[in-house]
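As structure tokens, the structure follows; a few thoughts come after it.
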Amino acid sequence: MSTAASPTVASTFLTGLATQLRVIHAVALRETRTRFGAHQLGYLWAILEPLFWIGTFWGLFALAGREAPNGMPIVAFLATGVIPYEIAMKTADRCANAISGNKSLLFYPQVKTLDLVIARGTLEGATYGAIFLIILGGEALVTQHFVIDDVLLVCVGLGLGCLFGTALGLVLCTLSVLSNSVERLRGPLFRPVFWMSGLFFTAESLPTNVRDFMLWNPVLHCVELVRDGWFASYHARHASIAYVLACIVVLLFTGLTLERVVRAKVEVT
Amino acid sequence: MTGPLPAERRSSTAKDLRRLRARRLVLRMSLGVVLPTAIASIYVGLVATPEYESVSSFTIQSADGVSASSVELLFAAMPGSSAGRDVLLVQEHVRSRAMLQHLVEEHGWLEHYQDADVDWFGRLATDATLEERYEHFLEKVQVEHDTQSGTLTLLVKAYDGDTSKRFADAILAASEAMVNTLAQRAREDRIELAQTELNRAESRLTAARTAVLEAQNEGAEINPMASAAAILELRGELEAELARARAELSAMRSTYAPTAPEVVQQQQRVRALERQLDTQRGRLAGDEGRGLSEAIARFEPLVAEKEFAERAYGSALASLEVARVEAHRQHRYLVTIAPPSSPDAPTHPRFWYAVLTVFVASFFLLGIGTLLAASVREHAQV
């Protein structure tokens with residue numbers, strides 16, 4: 001019986017996959033229009049925001065007379081901190097709003113809640129990946145110096161950040177269906193992460209006990225990995241791909257299970 | 001008549017479906033969770049060669065005790081604070097390929113880890129390249145830096161307790177040698193510099209002294225300045241004497257006849273004094289440039305140079321002393337806080353920890369896979 005069923009299982013899976021990819025593609029395209037739809041500069045804001053942060057911290061570093069550690073150029077140091085942070089936390093933020101922002105789309109039977117989250121996660125990942133290249137490429141044009149130590153590690157760092165953001169967003173998004181106080185709590189919970197993710201310091205430069213505490217934050221690991229890959233002079237001794245993966249697996253499992261639980265509630269409303 | 005039959009069949013198909021689903025779930029669970037967990041427990045529990053871990057901690061202490069300052073430690077990771085930097089240097093040294101080379105050559109590192117009794121997965125391949133050996137080395141030897149206390153903790157894993165202790169001892173000894181060489185070189189450099197400076201000052205002083213002596217030999221004047229002073233004094237006396245003699249002469253002329261023997265005698269006296277005065281003046285100013293003032297002009301720079309050289313020699317001597325003290329103060333010691341332990345029980349692999357990790361990880365991964373696959377499949381149902 002199982003031999004008779006297997007081709008149909010495989011073909012259902014493939015048709016399902018094709019439909020899902022089409023849906024994700026369509027939702028992602030729609031998201032590009034709506035993400036900055038209300039603003040005049042549109043997508044440019046996606047670049048301007050990290051640039052604003054880099055500029056602010058650059059100014060602060062200059063005022064304090066501080067140098068980036070381990071001989072890293074200051075702008076690249078800040079960019080490799082800000083963008084991996086944004087790729088994780090902005091994705092989580094956007095994915096957490098995936099259902100509330102696109103509720104009308106769930107009217108179509110092909111569109112599932114998971115698709116909305118995946119579409120937003122993919123779009124954010126692609127957006128910030130592009131911004132990463134644009135900002136660091138711009139920096140390279142100015143400084144006439146462009147050497148990447150380990151491209152693959154940079155991609156791994158950014159990819160893990162994006163995956164972590166999507167998984168966290170999925171959990172928050174499903175929880176927000178159960179209780180609307182989750183949305184209120186998100187801001188206060190996310191804010192400390194900004195200061196704890198190594199945007200303007202490295203794990204290496206922290207005292208041991210502070211570092212042991214900070215390393216619970218997976219975003220810091222992503223930032224460290226990206227910096228390790230980008231700069232030949234920096235080695236992220238404390239960053240662990242396995243830890244970030246474990247966080248992603250736990251969050252993804254929780255999120256996917258929760259999605260099954262809350263599914264009925266979403267579709268009713 | 002047609003009613004009950006489909007209902008019965010429906011219930012039976014539903015039951016079949018449920019049974020099929022249950023069977024699929026069991027199959028999936030056993031393949032995805034039970035199997036990996038079983039494999040892991042068999043490997044960890046039966047196959048894997050137990051590892052013994054030797055722990056030791058040490059630090060680099062300088063003689064002046066700077067490494068204890070808390071402000072220094074705050075910036076311990078930054079270059080410039082030498083105590084913190086020394087610890088990092090040692091950490092780098094322990095993790096270096098040179099250390100591996102040393103262990104391979106003198107302590108039988110490869111023989112131990114390539115031993116045939118070690119399980120196949122854990123064993124270091126006999127044809128391992130240098131890079132593979134180095135990777136393996138970094139797995140077995142870990143050195144952690146505690147920035148707060150400035151200590152290094154050395155963890156060495158080996159397949160028996162004595163060997164792990166032996167390797168740890170060897171690493172500590174090599175690190176100590178490195179620290180000593182480092183301190184020695186810094187010290188020698190410093191003292192050597194001060195010594196060269198002293199030697200130069202010494203030769204300068206000798207040259208200045210010789211120059212003064214030669215000048216003295218040539219001019220037959222031990223100290224022209226002193227001679228000049230003496231001559232000046234003599235001249236002063238002569239001048240006073242002359243004035244007195246002239247006054248007496250003029251007094252005599254008013255009372256005696258100009259040819260009186262007293263007057264003639266006094267006149268001769270005045271003349272003799274005048275001659276003497278001229279001679280002395282000649283000695284001081286010198287005709288044809290061989291007088292005392294010329295000798296002074298020749299002597300003066302030589303004497304000044306001698307004085308300077310003396311002073312320079314004194315300060316060079318003092319700075320050598322300072323350098324000696326300073327170098328001694330900057331001496332670095334490798335202080336063993338806890339000597340390598342000799343473990344009597346294997347600590348790795350931790351059986352329950354490893355098995356539980358595999359169980360939880362495979363369970364979660366299977367869950368994610370199933371849920372994702374289900375979500376894909378339900379798109380096809382529309």
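Ordered as shown in the structure tokens, chains take letters A, B, and onward, while each chain numbers its residues from 1 and ligands are numbered from 1 in the order shown.
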Enumerate, as a PyMOL selection string, the complete set of residues in range 46-119 of chain A that a backbone-based DSSP assignment places in helix (DSSP H, G or I). chain A and resi 46-64+69-71+74-96+98-101+103-107+113-119
Any idea which chain A residues end up within 7 Å of chain B if we count only C-alpha atoms, as a PyMOL selection string please? chain A and resi 12-13+15-17+19-20+109-110+205+207-208+249-250+252-253+256
For C-alpha atoms, I'd like the residues from the last selection saved as an mmCIF file, in the first residue's frame.
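Below is the file out_25.cif, written as the result:
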```cif
data_model
loop_
_atom_site.group_PDB
_atom_site.id
_atom_site.type_symbol
_atom_site.label_atom_id
_atom_site.label_comp_id
_atom_site.auth_asym_id
_atom_site.auth_seq_id
_atom_site.Cartn_x
_atom_site.Cartn_y
_atom_site.Cartn_z
ATOM 1 C CA THR A 12 1.398 16.365 -3.743
ATOM 2 C CA PHE A 13 4.504 17.617 -2.050
ATOM 3 C CA THR A 15 2.685 20.723 -6.333
ATOM 4 C CA GLY A 16 2.382 22.061 -2.810
ATOM 5 C CA LEU A 17 5.920 23.352 -2.927
ATOM 6 C CA THR A 19 2.186 26.716 -5.014
ATOM 7 C CA GLN A 20 3.872 27.806 -1.796
ATOM 8 C CA PRO A 109 -7.181 29.739 0.461
ATOM 9 C CA GLN A 110 -3.666 29.289 -0.968
ATOM 10 C CA SER A 205 37.121 43.428 24.533
ATOM 11 C CA PRO A 207 35.623 41.507 30.802
ATOM 12 C CA THR A 208 35.111 37.777 31.195
ATOM 13 C CA VAL A 249 15.940 25.259 15.990
ATOM 14 C CA VAL A 250 14.232 25.819 19.334
ATOM 15 C CA LEU A 252 11.461 27.439 14.847
ATOM 16 C CA PHE A 253 10.058 24.365 16.542
ATOM 17 C CA LEU A 256 5.787 26.103 13.930
#
```
Output as a list in words all residues of range 148-298 of chain B that backbone DSSP marks as strand (DSSP E or B).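 Restricting range 148-298 of chain B to strand (DSSP E or B) produces Thr151, Leu152, Thr153, Leu154, Leu155, Val156, Lys157 and Ala158 of chain B.
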Let me see the file: selected residues, N, CA and C atoms, as a short mmCIF file (atom, residue, chain, number, x, y, z; two decimals), in the first residue's frame.
```cif
data_model
loop_
_atom_site.label_atom_id
_atom_site.label_comp_id
_atom_site.auth_asym_id
_atom_site.auth_seq_id
_atom_site.Cartn_x
_atom_site.Cartn_y
_atom_site.Cartn_z
N THR B 151 44.35 35.29 34.60
CA THR B 151 44.89 33.94 34.62
C THR B 151 44.54 33.19 33.34
N LEU B 152 45.35 32.21 33.04
CA LEU B 152 45.08 31.33 31.92
C LEU B 152 44.76 29.95 32.47
N THR B 153 43.73 29.34 31.91
CA THR B 153 43.39 27.99 32.33
C THR B 153 43.70 27.05 31.17
N LEU B 154 44.48 26.06 31.46
CA LEU B 154 44.91 25.14 30.40
C LEU B 154 44.19 23.81 30.58
N LEU B 155 43.53 23.37 29.50
CA LEU B 155 42.82 22.09 29.54
C LEU B 155 43.43 21.18 28.48
N VAL B 156 43.89 20.03 28.91
CA VAL B 156 44.50 19.10 27.96
C VAL B 156 43.76 17.77 28.05
N LYS B 157 43.29 17.30 26.89
CA LYS B 157 42.56 16.04 26.86
C LYS B 157 43.44 14.95 26.26
N ALA B 158 43.50 13.82 26.93
CA ALA B 158 44.26 12.70 26.39
C ALA B 158 43.54 11.42 26.78
#
```
Using only C-alpha atoms, determine which residues lie at most 6 Å from Cys222 in chain A, disregarding the query and same-chain residues fewer than 3 positions distant; provide the list as a ChimeraX atom specification. /A:157,161,219,225
Quick one: everything within 12 Å of Arg187 in chain B, counting only C-alpha atoms, minus sequence neighbours fewer than 5 positions away in the same chain. Send it as a PyMOL selection string. chain B and resi 180-182+192-194+320+323-332
Pick from B:Val141, B:Ile60, B:Leu130, B:Leu198 nearest to Val87 in chain B, counting only C-alpha atoms: B:Ile60
Would you mind listing what lies within 8 Å of Leu168 in chain A as an MDAnalysis selection string, with only C-alpha atoms counted and same-chain residues fewer than 2 positions away left out? chainID A and resid 92 96 164:166 170:172 248 251:252 255
Generate the output file for the selected residues, N, CA and C atoms, as a PDB file, in the first residue's frame.
```pdb
ATOM      1  N   ALA A  92      12.837  40.133  12.722  1.00  0.00           N
ATOM      2  CA  ALA A  92      11.956  39.659  13.789  1.00  0.00           C
ATOM      3  C   ALA A  92      10.781  40.616  13.953  1.00  0.00           C
ATOM      4  N   ALA A  96       6.996  39.627  13.109  1.00  0.00           N
ATOM      5  CA  ALA A  96       6.033  39.610  14.205  1.00  0.00           C
ATOM      6  C   ALA A  96       4.731  40.285  13.797  1.00  0.00           C
ATOM      7  N   PHE A 164      17.420  33.566  12.358  1.00  0.00           N
ATOM      8  CA  PHE A 164      17.067  33.783  13.759  1.00  0.00           C
ATOM      9  C   PHE A 164      15.930  34.790  13.861  1.00  0.00           C
ATOM     10  N   GLY A 165      16.037  35.878  13.077  1.00  0.00           N
ATOM     11  CA  GLY A 165      14.991  36.891  13.092  1.00  0.00           C
ATOM     12  C   GLY A 165      13.655  36.317  12.658  1.00  0.00           C
ATOM     13  N   THR A 166      13.683  35.520  11.585  1.00  0.00           N
ATOM     14  CA  THR A 166      12.443  34.936  11.094  1.00  0.00           C
ATOM     15  C   THR A 166      11.828  34.006  12.136  1.00  0.00           C
ATOM     16  N   LEU A 170       8.371  34.545  13.958  1.00  0.00           N
ATOM     17  CA  LEU A 170       7.286  33.558  13.860  1.00  0.00           C
ATOM     18  C   LEU A 170       6.685  33.298  15.236  1.00  0.00           C
ATOM     19  N   VAL A 171       7.559  33.125  16.232  1.00  0.00           N
ATOM     20  CA  VAL A 171       7.064  32.883  17.593  1.00  0.00           C
ATOM     21  C   VAL A 171       6.244  34.071  18.070  1.00  0.00           C
ATOM     22  N   LEU A 172       6.796  35.283  17.899  1.00  0.00           N
ATOM     23  CA  LEU A 172       6.103  36.480  18.383  1.00  0.00           C
ATOM     24  C   LEU A 172       4.793  36.692  17.645  1.00  0.00           C
ATOM     25  N   ILE A 248      17.919  28.896  16.823  1.00  0.00           N
ATOM     26  CA  ILE A 248      17.000  28.909  15.687  1.00  0.00           C
ATOM     27  C   ILE A 248      16.110  27.676  15.729  1.00  0.00           C
ATOM     28  N   LEU A 251      13.495  27.982  18.495  1.00  0.00           N
ATOM     29  CA  LEU A 251      12.478  28.987  18.163  1.00  0.00           C
ATOM     30  C   LEU A 251      11.585  28.516  17.024  1.00  0.00           C
ATOM     31  N   LEU A 252      12.213  27.886  16.021  1.00  0.00           N
ATOM     32  CA  LEU A 252      11.461  27.439  14.847  1.00  0.00           C
ATOM     33  C   LEU A 252      10.464  26.363  15.249  1.00  0.00           C
ATOM     34  N   GLY A 255       7.772  28.012  17.182  1.00  0.00           N
ATOM     35  CA  GLY A 255       6.950  28.827  16.309  1.00  0.00           C
ATOM     36  C   GLY A 255       6.036  27.998  15.432  1.00  0.00           C
TER      37      GLY A 255
END
```
Between CA of Ala177 in chain B and CA of Asp115 in chain B, what is the distance in Å, rounded to a tenth?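 It comes out at 29.5 Å.
For the atom pair formed by CA of Phe167 in chain B and CA of Leu89 in chain B, the distance is 19.7 Å, given to one decimal.
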Shortest interatomic distance to Asn102 in chain A - which of A:Gln144, A:Thr8, A:Thr34, A:Thr254, counting only C-alpha atoms: A:Thr34
So that I can check the surroundings of Phe308 in chain B, please list as a list of chain:residue names every protein, DNA and RNA residue that reaches within 10 Å of it, counting only C-alpha atoms and ignoring chain neighbours fewer than 3 positions away. B:Ala201, B:Arg204, B:Leu205, B:Ala208, B:Leu302, B:Val303, B:Ala304, B:Glu305, B:Arg311, B:Ala312, B:Tyr313, B:Gly314
